[in-house]
Each structure stands twice: as C-alpha cells, then as structure tokens.
>>> print(open('work_28.cif').read())   # mmCIF, C-alpha atoms
data_coords
#
loop_
_atom_site.label_atom_id
_atom_site.label_comp_id
_atom_site.auth_asym_id
_atom_site.auth_seq_id
_atom_site.Cartn_x
_atom_site.Cartn_y
_atom_site.Cartn_z
CA MET T 155 8.36 -29.43 52.12
CA ALA T 156 9.41 -26.28 53.88
CA ARG T 157 12.40 -24.32 52.71
CA LYS T 158 15.16 -23.62 55.15
CA LYS T 159 15.96 -20.00 55.82
CA TYR T 160 19.49 -18.78 55.24
CA SER T 161 20.97 -18.38 58.66
CA GLY T 162 24.22 -16.69 57.58
CA SER T 163 25.17 -13.11 58.22
CA ASN T 164 24.26 -10.36 55.77
CA ASP T 165 27.59 -8.61 56.44
CA PRO T 166 30.20 -9.10 53.68
CA HIS T 167 33.21 -11.21 54.50
CA ILE T 168 36.63 -9.51 54.90
CA VAL T 169 37.88 -11.20 51.69
CA GLU T 170 35.15 -9.44 49.71
CA TRP T 171 36.27 -6.09 51.12
CA VAL T 172 39.92 -6.77 50.26
CA VAL T 173 39.17 -7.92 46.71
CA GLY T 174 36.79 -4.99 46.14
CA THR T 175 39.37 -2.49 47.39
CA ILE T 176 42.12 -3.95 45.20
CA CYS T 177 39.86 -3.88 42.12
CA ALA T 178 38.80 -0.30 42.81
CA CYS T 179 42.46 0.75 43.13
CA LEU T 180 43.34 -0.98 39.84
CA VAL T 181 40.48 0.77 38.03
CA LEU T 182 41.56 4.15 39.45
CA LEU T 183 45.17 3.53 38.40
CA LEU T 184 44.05 2.60 34.89
CA VAL T 185 41.93 5.74 34.57
CA ALA T 186 44.82 7.87 35.87
CA PHE T 187 47.25 6.29 33.39
CA VAL T 188 44.94 6.86 30.42
CA ALA T 189 44.36 10.46 31.51
CA PHE T 190 48.11 11.02 31.90
CA GLU T 191 48.84 9.61 28.44
CA ALA T 192 46.09 11.72 26.88
CA LEU T 193 47.30 14.92 28.50
CA THR T 194 51.03 14.44 27.90
CA ASN T 195 50.89 13.10 24.35
CA ARG T 196 52.17 15.97 22.26
CA ASN T 197 51.45 14.29 18.92
CA ALA T 198 55.09 14.75 18.02
CA PRO T 199 56.05 13.39 14.61
CA PRO T 200 58.12 10.20 14.37
CA ARG T 201 61.90 10.65 14.74
CA LEU T 202 63.60 8.22 12.39
CA THR T 203 67.31 7.43 12.36
CA VAL T 204 69.10 4.77 10.35
CA SER T 205 72.32 2.90 11.14
CA THR T 206 74.14 0.14 9.32
CA LEU T 207 74.59 -3.31 10.84
CA ALA T 208 77.40 -5.80 10.53
CA GLY T 209 77.06 -8.24 7.69
CA LEU T 210 75.87 -11.77 8.25
CA PRO T 211 77.91 -14.84 7.24
CA GLY T 212 77.25 -15.76 3.64
CA MET T 213 75.76 -12.34 2.82
CA ALA T 214 76.33 -11.03 -0.71
CA LYS T 215 78.89 -8.25 -1.22
CA ASN T 216 76.26 -6.02 -2.79
CA GLU T 217 73.93 -6.21 0.25
CA VAL T 218 73.90 -3.83 3.22
CA ARG T 219 72.00 -4.58 6.44
CA PHE T 220 70.57 -1.66 8.40
CA GLU T 221 68.22 -0.82 11.25
CA VAL T 222 65.78 2.08 11.34
CA PHE T 223 64.91 3.46 14.79
CA ASN T 224 61.81 5.44 15.75
CA THR T 225 62.54 7.22 19.04
CA ALA T 226 59.24 9.16 19.16
CA ASP T 227 55.94 8.19 20.77
CA THR T 228 54.20 8.10 17.37
CA THR T 229 54.19 5.21 14.89
CA ALA T 230 55.39 5.83 11.34
CA ALA T 231 53.78 3.96 8.44
CA ALA T 232 55.11 3.31 4.94
CA VAL T 233 58.65 4.27 5.97
CA VAL T 234 60.95 4.61 2.96
CA VAL T 235 64.68 4.09 3.56
CA ARG T 236 67.07 4.90 0.72
CA GLY T 237 70.73 4.08 0.30
CA ALA T 238 73.10 5.86 -2.06
CA LEU T 239 76.32 4.19 -3.10
CA THR T 240 78.96 6.53 -4.55
CA GLY T 241 81.82 4.93 -6.41
CA ASP T 242 84.69 6.10 -8.58
CA GLY T 243 83.92 8.98 -10.89
CA ASN T 244 81.01 10.20 -8.71
CA SER T 245 78.60 7.69 -10.24
CA GLU T 246 75.74 7.06 -7.83
CA GLU T 247 73.62 3.96 -7.44
CA THR T 248 70.54 3.98 -5.22
CA ALA T 249 68.37 1.31 -3.62
CA GLU T 250 65.38 1.70 -1.35
CA VAL T 251 63.16 -0.32 0.97
CA THR T 252 59.66 0.47 2.25
CA PHE T 253 58.63 -0.75 5.71
CA ASP T 254 54.91 -1.16 6.38
CA TYR T 255 55.44 0.58 9.73
CA VAL T 256 58.02 1.34 12.41
CA PRO T 257 56.32 1.31 15.82
CA ALA T 258 56.80 4.05 18.39
CA ARG T 259 59.94 3.63 20.51
CA SER T 260 61.02 0.65 18.43
CA SER T 261 63.07 -0.37 15.42
CA ALA T 262 62.94 -2.47 12.26
CA LYS T 263 65.73 -4.19 10.32
CA GLY T 264 66.18 -4.58 6.59
CA SER T 265 68.66 -4.87 3.74
CA LEU T 266 69.46 -2.82 0.68
CA ILE T 267 70.66 -4.72 -2.36
CA PHE T 268 72.70 -2.85 -4.94
CA ASN T 269 73.67 -3.96 -8.44
CA SER T 270 77.40 -3.58 -7.73
CA THR T 271 79.57 -4.46 -4.74
CA THR T 272 79.70 -2.04 -1.83
CA GLU T 273 83.38 -2.58 -1.05
CA GLY T 274 85.53 0.53 -1.35
CA LYS T 275 82.55 2.81 -1.98
CA GLU T 276 80.90 5.51 0.09
CA LEU T 277 77.49 4.54 1.42
CA LYS T 278 74.78 6.87 2.73
CA ILE T 279 71.59 5.44 4.21
CA TYR T 280 68.74 7.68 5.32
CA ALA T 281 64.97 7.73 5.84
CA VAL T 282 63.20 9.47 2.97
CA GLY T 283 59.66 9.73 4.32
CA TYR T 284 56.71 8.18 6.09
CA VAL T 285 52.93 8.35 6.32
CA ASP T 286 50.87 9.01 9.44
CA PRO T 287 48.94 5.82 10.20
#
>>> encode(input="work_28.cif", output="structure tokens")
Amino acid sequence: MARKKYSGSNDPHIVEWVVGTICACLVLLLVAFVAFEALTNRNAPPRLTVSTLAGLPGMAKNEVRFEVFNTADTTAAAVVVRGALTGDGNSEETAEVTFDYVPARSSAKGSLIFNSTTEGKELKIYAVGYVDP
C-alpha cells in the first residue's frame, strides 16, 4: 500500500504567527519584570508598625486586639510584638506575641492577654524585633 504524500503548504498558518508573537511578548515582559525587581530591590529592612483594633463582641476585658503592618518590600520573620499596661502607682504589666512572619506589604492580626483588665490603664503596643527569613 502506498503512502499518500502530504499535500498541504509548508508555510505556517497566521494563527501560529499570532500565538508565537504573543508568547514571545509575554516572555520578554516576564524577563523585563524580573530584571526590574532585581535592580530596584534595595534590600531595605522591614518597617513594622502596630495599631490597636476595636474589641470583638464577647472579648475579655483583659484582651487587646492589634494589627502589625509591614510596609516594606522585605518579609519579617519571628516578629515579636509587646504590650505594656501601666496602671495606678506606675506598676507595669507586659504581654507579648510572636508571629511566625509578617509578609512584605501586608499585615497580621493578634491579641495580647494581660492578667488584669485594661480599662482605665495606659497601653503601649510596639514591635520589639524580627529575624531576616
């Protein structure tokens, strides 16, 4: 039995050219983006700020909700947030929380639980430190 010869054209179809051009453009854009990120990344340290949040219904009076923000382009690992509660007579009570990480340009929420109520006392919440991942 004789095989039939392919009688089609050897020229690529227009769809192949369009798809190939689009793919080549996407690859070039990806390479340009990676190069831009590599050249503009200043390896700046994480910038951590902490703010308190409103309490949730049913939350204990000795608990304080907060959110830690990382506004830098670098992730912070093992972030320690400490709260100091100052009451009458300058007695200070502290509580702290450690987050596994706070991603770059992101935030994480948590709670500090003190032994005494927080009502009528001065509260300071701040980030103590972090580790480079």
>>> atom_distance(input="work_28.cif", atom1="atom CA of T:Thr194", atom2="atom CA of T:Asp286")
19.2 Å
>>> residues_near_point(input="work_28.cif", point="(52.4, 2.3, 11.3)", cutoff="10 Å", atoms="only C-alpha atoms", output="list in words")
Thr228, Thr229, Ala230, Ala231, Ala232, Val233, Phe253, Asp254, Tyr255, Val256, Pro257, Ala258, Tyr284, Val285, Asp286 and Pro287 of chain T
>>> atom_distance(input="work_28.cif", atom1="atom CA of T:Lys278", atom2="atom CA of T:Asp227")
26.1 Å
>>> residues_around(input="work_28.cif", residues="T:Val282", least_positions_apart="3", cutoff="7 Å", atoms="all atoms listed in the file", output="PyMOL selection string")
chain T and resi 234-236
>>> atom_distance(input="work_28.cif", atom1="atom CA of T:Asn195", atom2="atom CA of T:Leu183")
17.9 Å
